[in-house]
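Undergrad: Data file final_19.cif (mmCIF, C-alpha atoms and all ligand atoms) is appended below.
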```cif
data_start
#
loop_
_atom_site.label_atom_id
_atom_site.label_comp_id
_atom_site.auth_asym_id
_atom_site.auth_seq_id
_atom_site.Cartn_x
_atom_site.Cartn_y
_atom_site.Cartn_z
CA MET A 1 88.13 -12.46 135.72
CA THR A 2 91.75 -12.12 136.73
CA GLU A 3 91.36 -12.64 140.47
CA THR A 4 94.41 -14.91 140.72
CA ARG A 5 96.70 -12.82 138.54
CA HIS A 6 97.75 -10.47 141.34
CA PRO A 7 99.61 -11.55 144.45
CA VAL A 8 98.26 -10.16 147.71
CA PRO A 9 100.44 -7.08 148.39
CA GLU A 10 101.29 -8.06 151.95
CA ALA A 11 102.52 -11.44 150.67
CA MET A 12 104.89 -9.90 148.13
CA LYS A 13 108.47 -11.04 148.54
CA GLU A 14 110.55 -7.96 147.76
CA ALA A 15 112.91 -7.15 150.64
CA ASP A 16 113.76 -3.67 149.34
CA VAL A 17 111.04 -1.05 149.71
CA VAL A 18 111.80 0.46 146.30
CA ASP A 19 111.42 -2.92 144.56
CA LEU A 20 108.24 -3.58 146.53
CA LEU A 21 106.59 -0.27 145.63
CA ILE A 22 107.62 -0.49 141.97
CA HIS A 23 106.05 -3.97 141.84
CA GLN A 24 102.87 -2.52 143.33
CA HIS A 25 102.86 0.22 140.67
CA ALA A 26 102.85 -2.54 138.03
CA MET A 27 99.97 -4.27 139.85
CA ILE A 28 98.02 -1.02 139.93
CA ARG A 29 98.52 -0.60 136.18
CA ASP A 30 97.24 -4.17 135.62
CA MET A 31 94.24 -3.48 137.84
CA PHE A 32 93.32 -0.46 135.68
CA ASP A 33 93.51 -2.80 132.66
CA ASP A 34 91.21 -5.24 134.48
CA VAL A 35 88.56 -2.59 135.19
CA GLU A 36 88.69 -1.35 131.60
CA ALA A 37 88.43 -4.87 130.15
CA ALA A 38 85.81 -6.17 132.61
CA ALA A 39 82.30 -7.07 131.53
CA PRO A 40 79.76 -4.66 133.06
CA GLU A 41 78.72 -7.19 135.74
CA GLU A 42 82.35 -7.76 136.78
CA ARG A 43 83.36 -4.12 136.73
CA PRO A 44 82.18 -3.18 140.24
CA GLU A 45 84.32 -5.87 141.91
CA CYS A 46 87.36 -5.04 139.73
CA PHE A 47 86.97 -1.38 140.61
CA ARG A 48 86.61 -2.19 144.33
CA ARG A 49 89.89 -4.12 144.18
CA LEU A 50 91.62 -1.20 142.47
CA THR A 51 90.19 1.24 145.04
CA ARG A 52 91.41 -0.84 147.99
CA MET A 53 94.83 -1.32 146.42
CA LEU A 54 95.23 2.40 145.77
CA ALA A 55 94.09 3.31 149.28
CA VAL A 56 96.48 0.90 150.97
CA HIS A 57 99.43 1.63 148.66
CA GLU A 58 99.21 5.41 148.90
CA THR A 59 98.60 5.30 152.65
CA ALA A 60 101.66 3.10 153.18
CA GLU A 61 103.75 5.53 151.12
CA GLU A 62 102.41 8.48 153.09
CA GLU A 63 103.03 6.87 156.47
CA VAL A 64 106.32 5.05 155.87
CA VAL A 65 108.18 6.26 152.79
CA HIS A 66 107.42 9.94 152.24
CA PRO A 67 108.29 10.99 155.83
CA TYR A 68 111.66 9.27 155.51
CA ALA A 69 112.30 10.76 152.05
CA ARG A 70 111.33 14.22 153.28
CA ARG A 71 114.02 14.11 155.97
CA ARG A 72 116.74 12.13 154.32
CA ILE A 73 117.04 12.66 150.58
CA ASP A 74 118.42 15.74 148.85
CA GLY A 75 115.58 18.16 148.11
CA GLY A 76 113.25 15.77 149.96
CA ALA A 77 110.74 18.36 151.22
CA GLY A 78 109.95 19.72 147.75
CA ILE A 79 109.89 16.28 146.15
CA VAL A 80 107.48 14.92 148.75
CA ASP A 81 105.23 18.00 148.66
CA ASP A 82 104.84 17.54 144.89
CA ARG A 83 104.02 13.83 145.35
CA LEU A 84 101.42 14.60 148.04
CA LYS A 85 99.71 17.08 145.71
CA GLU A 86 99.51 14.37 143.04
CA GLU A 87 98.19 11.84 145.56
CA ASN A 88 95.51 14.25 146.74
CA GLU A 89 94.38 14.90 143.18
CA ALA A 90 94.18 11.14 142.53
CA LYS A 91 92.16 10.66 145.74
CA ARG A 92 89.78 13.42 144.67
CA LEU A 93 89.20 11.72 141.30
CA LEU A 94 88.84 8.33 142.97
CA ALA A 95 86.21 9.63 145.41
CA LEU A 96 84.33 11.20 142.52
CA LEU A 97 84.29 7.92 140.58
CA CYS A 98 83.25 5.91 143.62
CA GLY A 99 80.40 8.32 144.20
CA GLN A 100 79.21 7.89 140.61
CA GLY A 101 79.49 4.11 140.46
CA THR A 102 80.68 1.91 137.60
CA ASP A 103 77.45 2.11 135.62
CA HIS A 104 77.47 5.90 135.39
CA PRO A 105 77.76 7.05 131.74
CA ASP A 106 80.90 9.08 132.58
CA PHE A 107 82.58 6.30 134.54
CA MET A 108 84.96 5.13 131.79
CA SER A 109 86.09 8.65 130.89
CA GLY A 110 86.62 9.42 134.59
CA LEU A 111 88.54 6.17 134.98
CA ALA A 112 90.81 7.18 132.09
CA LEU A 113 91.57 10.49 133.86
CA LEU A 114 92.30 8.68 137.12
CA ARG A 115 94.57 6.25 135.32
CA VAL A 116 96.65 9.07 133.83
CA ALA A 117 96.87 10.85 137.20
CA VAL A 118 97.85 7.71 139.12
CA LEU A 119 100.37 6.41 136.60
CA GLU A 120 102.02 9.79 136.08
CA HIS A 121 102.28 10.07 139.84
CA ALA A 122 103.84 6.60 140.06
CA ARG A 123 106.38 7.52 137.38
CA ALA A 124 107.26 10.73 139.23
CA GLU A 125 107.75 8.76 142.45
CA GLU A 126 110.02 6.28 140.74
CA ARG A 127 112.03 8.96 138.99
CA TYR A 128 112.39 11.66 141.66
CA GLU A 129 111.82 9.97 145.00
CA PHE A 130 112.61 6.24 144.74
CA ALA A 131 115.77 6.74 142.67
CA ARG A 132 117.13 8.97 145.44
CA LEU A 133 116.04 6.52 148.12
CA ARG A 134 117.96 3.84 146.27
CA ALA A 135 121.04 6.09 146.13
CA GLN A 136 120.84 7.76 149.55
CA ALA A 137 119.17 5.31 151.95
CA SER A 138 121.13 2.28 153.11
CA ALA A 139 120.05 -1.23 152.14
CA ALA A 140 119.16 -1.82 155.81
CA GLU A 141 116.92 1.27 155.86
CA ARG A 142 115.20 0.17 152.65
CA ARG A 143 114.62 -3.29 154.14
CA ALA A 144 113.21 -1.77 157.31
CA MET A 145 110.82 0.40 155.29
CA ALA A 146 109.70 -2.68 153.31
CA LEU A 147 108.94 -4.44 156.60
CA GLY A 148 106.93 -1.41 157.71
CA VAL A 149 104.95 -1.30 154.46
CA ARG A 150 104.27 -5.05 154.60
CA ALA A 151 103.30 -5.05 158.28
CA ALA A 152 100.89 -2.24 157.57
CA GLU A 153 99.40 -3.98 154.56
CA ALA A 154 98.97 -7.24 156.46
CA MET A 155 96.68 -5.28 158.78
CA ALA A 156 94.84 -3.58 155.95
CA PRO A 157 94.46 -6.44 153.46
CA THR A 158 93.34 -5.54 149.98
CA ARG A 159 91.03 -8.52 149.91
CA PRO A 160 89.68 -10.80 152.63
CA HIS A 161 91.75 -13.89 153.24
CA PRO A 162 91.77 -16.70 155.78
CA GLY A 163 92.79 -15.79 159.30
CA VAL A 164 91.58 -12.22 159.07
CA GLU A 165 89.19 -11.80 161.97
CA SER A 166 86.06 -9.75 162.09
CA ALA A 167 87.84 -6.59 163.25
CA THR A 168 89.48 -6.24 159.87
CA LYS A 169 86.80 -7.93 157.79
CA ASN A 170 84.87 -4.91 156.66
CA LEU A 171 87.45 -2.25 157.06
CA LEU A 172 88.06 -1.77 153.39
CA LEU A 173 84.46 -1.31 152.39
CA GLY A 174 82.83 2.03 151.85
CA PRO A 175 83.95 5.23 150.18
CA PRO A 176 87.68 5.84 149.58
CA THR A 177 87.92 8.48 152.29
CA ALA A 178 86.72 5.92 154.87
CA ILE A 179 89.03 3.25 153.49
CA ILE A 180 91.99 5.60 153.62
CA ASP A 181 91.23 6.70 157.19
CA ARG A 182 90.85 3.11 158.33
CA ALA A 183 93.99 1.95 156.49
CA ARG A 184 95.97 4.83 158.04
CA ASP A 185 94.75 3.98 161.53
CA LEU A 186 95.67 0.31 161.11
CA LEU A 187 98.98 1.21 159.58
CA ARG A 188 99.95 3.45 162.49
CA ARG A 189 99.03 0.70 164.92
CA ALA A 190 101.08 -1.80 162.91
CA LEU A 191 104.08 0.53 162.93
CA ARG A 192 103.78 0.84 166.70
CA GLY A 193 103.81 -2.96 166.92
CA GLU A 194 100.16 -3.27 167.99
CA ARG A 195 97.66 -5.70 166.55
FE FE A 201 102.13 7.57 145.84
FE FE A 202 103.35 4.77 144.59
#
```
Produce structure tokens that represent the structure in this file.
Ligand SMILES: [Fe+2]
Ligand SMILES: [Fe+2]

TA:
Amino acid sequence: MTETRHPVPEAMKEADVVDLLIHQHAMIRDMFDDVEAAAPEERPECFRRLTRMLAVHETAEEEVVHPYARRRIDGGAGIVDDRLKEENEAKRLLALLCGQGTDHPDFMSGLALLRVAVLEHARAEERYEFARLRAQASAAERRAMALGVRAAEAMAPTRPHPGVESATKNLLLGPPTAIIDRARDLLRRALRGER
């Protein structure tokens, strides 16, 4: 198991939102490796971790980063629309896989498809969206977005950790659609400064 290999996303140190999200893309890639390499009895937990990470990461991008990019970077509307299409396709594949379960005979081939979709999407974000954010958003704006992403993720932790009370304990269980809805709700409350 590689439980300790990944930092908890909300504890990540990057002050710049672009650095933070690129680091999370690397974590997501490692988590795909973990699911692929896991023994059959460990695979469900590895896949649950990947599912939670994807739900929280994509929701934070959709709530914090894409809206800003849409308004503020050159060609932002088209760039963000393309990224949302990719994210929706990845969510569709993820929901399909979750419905099948890790012991389904097609799980590994489905996982390979999801991996390609997610990692191509991450590359497109880095190349078309984040590069422009780096060039066209101020350092202060990028720091503020990182705070927003981290605040949101602290409320939607990708794994239980001490101090998280019962309200948030089970929020990231269940099918991806439920996880995403719950993460989005918590994220919006975090961005409004509620707890
Ligand atoms: Fe994304
Ligand atoms: Fe991303």

Undergrad: Would you tabulate, counting all atoms listed in the file, all residues of chain A that have an atom at most 10 Å from an atom of ligand FE 202 (chain A), showing the closest pair of atoms and their distance in Å to one decimal, sorted by chain then ascending number, as JSON lines?

TA:
```
{"residue": "A:Val18", "atom": "CA", "partner": "A:FE202", "partner_atom": "FE", "distance": 9.6}
{"residue": "A:Leu20", "atom": "CA", "partner": "A:FE202", "partner_atom": "FE", "distance": 9.9}
{"residue": "A:Leu21", "atom": "CA", "partner": "A:FE202", "partner_atom": "FE", "distance": 6.1}
{"residue": "A:Ile22", "atom": "CA", "partner": "A:FE202", "partner_atom": "FE", "distance": 7.3}
{"residue": "A:His23", "atom": "CA", "partner": "A:FE202", "partner_atom": "FE", "distance": 9.6}
{"residue": "A:Gln24", "atom": "CA", "partner": "A:FE202", "partner_atom": "FE", "distance": 7.4}
{"residue": "A:His25", "atom": "CA", "partner": "A:FE202", "partner_atom": "FE", "distance": 6.0}
{"residue": "A:Ala26", "atom": "CA", "partner": "A:FE202", "partner_atom": "FE", "distance": 9.8}
{"residue": "A:Ile28", "atom": "CA", "partner": "A:FE202", "partner_atom": "FE", "distance": 9.1}
{"residue": "A:Leu54", "atom": "CA", "partner": "A:FE202", "partner_atom": "FE", "distance": 8.5}
{"residue": "A:His57", "atom": "CA", "partner": "A:FE202", "partner_atom": "FE", "distance": 6.5}
{"residue": "A:Glu58", "atom": "CA", "partner": "A:FE202", "partner_atom": "FE", "distance": 6.0}
{"residue": "A:Thr59", "atom": "CA", "partner": "A:FE202", "partner_atom": "FE", "distance": 9.4}
{"residue": "A:Ala60", "atom": "CA", "partner": "A:FE202", "partner_atom": "FE", "distance": 8.9}
{"residue": "A:Glu61", "atom": "CA", "partner": "A:FE202", "partner_atom": "FE", "distance": 6.6}
{"residue": "A:Glu62", "atom": "CA", "partner": "A:FE202", "partner_atom": "FE", "distance": 9.3}
{"residue": "A:Val65", "atom": "CA", "partner": "A:FE202", "partner_atom": "FE", "distance": 9.6}
{"residue": "A:Arg83", "atom": "CA", "partner": "A:FE202", "partner_atom": "FE", "distance": 9.1}
{"residue": "A:Glu87", "atom": "CA", "partner": "A:FE202", "partner_atom": "FE", "distance": 8.8}
{"residue": "A:Val118", "atom": "CA", "partner": "A:FE202", "partner_atom": "FE", "distance": 8.3}
{"residue": "A:Leu119", "atom": "CA", "partner": "A:FE202", "partner_atom": "FE", "distance": 8.7}
{"residue": "A:Glu120", "atom": "CA", "partner": "A:FE202", "partner_atom": "FE", "distance": 10.0}
{"residue": "A:His121", "atom": "CA", "partner": "A:FE202", "partner_atom": "FE", "distance": 7.2}
{"residue": "A:Ala122", "atom": "CA", "partner": "A:FE202", "partner_atom": "FE", "distance": 4.9}
{"residue": "A:Arg123", "atom": "CA", "partner": "A:FE202", "partner_atom": "FE", "distance": 8.3}
{"residue": "A:Ala124", "atom": "CA", "partner": "A:FE202", "partner_atom": "FE", "distance": 8.9}
{"residue": "A:Glu125", "atom": "CA", "partner": "A:FE202", "partner_atom": "FE", "distance": 6.3}
{"residue": "A:Glu126", "atom": "CA", "partner": "A:FE202", "partner_atom": "FE", "distance": 7.8}
{"residue": "A:Glu129", "atom": "CA", "partner": "A:FE202", "partner_atom": "FE", "distance": 9.9}
{"residue": "A:Phe130", "atom": "CA", "partner": "A:FE202", "partner_atom": "FE", "distance": 9.4}
```

Undergrad: Return the single residue from A:Ala90, A:Ala131, A:Ala140, A:Met145 that is closest to ligand FE 201 (chain A), with distances computed using all atoms listed in the file.

TA: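 Closest candidate: A:Ala90.
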
Undergrad: Rank nothing, just name the residue among A:Ala15, A:Ala95, A:Glu41, A:Glu89 nearest to Ala178 of chain A, using all atoms listed in the file.

TA: A:Ala95

Undergrad: What is the atom CA of Arg71 of chain A to atom CA of Thr51 of chain A distance in Å?

TA: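 So the two atoms, atom CA of Arg71 of chain A and atom CA of Thr51 of chain A, lie 29.2 Å apart.
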
Undergrad: So, counting only C-alpha atoms and all ligand atoms, which residue among A:Cys46, A:Met31, A:Ile79, A:Ile73 is closest to ligand FE 201 (chain A)?

TA: A:Ile79

Undergrad: Select, from A:Asp30, A:Glu36, A:Glu86, A:Glu42, the residue with the minimum atom-to-atom distance to ligand FE 201 (chain A), counting all atoms listed in the file.

TA: A:Glu86

Undergrad: Out of A:Ala37, A:Val149, A:Val80, A:Val17, which residue has the shortest atom-to-atom distance to ligand FE 201 (chain A) when counting all atoms listed in the file?

TA: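 Checking each of A:Ala37, A:Val149, A:Val80, A:Val17 against ligand FE 201 (chain A), counting all atoms listed in the file, the winner is A:Val80.
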
Undergrad: Of the residues A:Pro44, A:Met53, A:Ala39, A:Leu187, which is the one nearest to ligand FE 201 (chain A), using all atoms listed in the file?

TA: A:Met53

Undergrad: Hey, can you check how far atom CA of Arg43 of chain A sits from atom CA of Cys98 of chain A?

TA: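 These atoms are spaced 12.2 Å apart.
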
Undergrad: Using Å and a single decimal, report how far atom CA of Tyr68 of chain A sits from atom CA of Ile179 of chain A.

TA: 23.5 Å
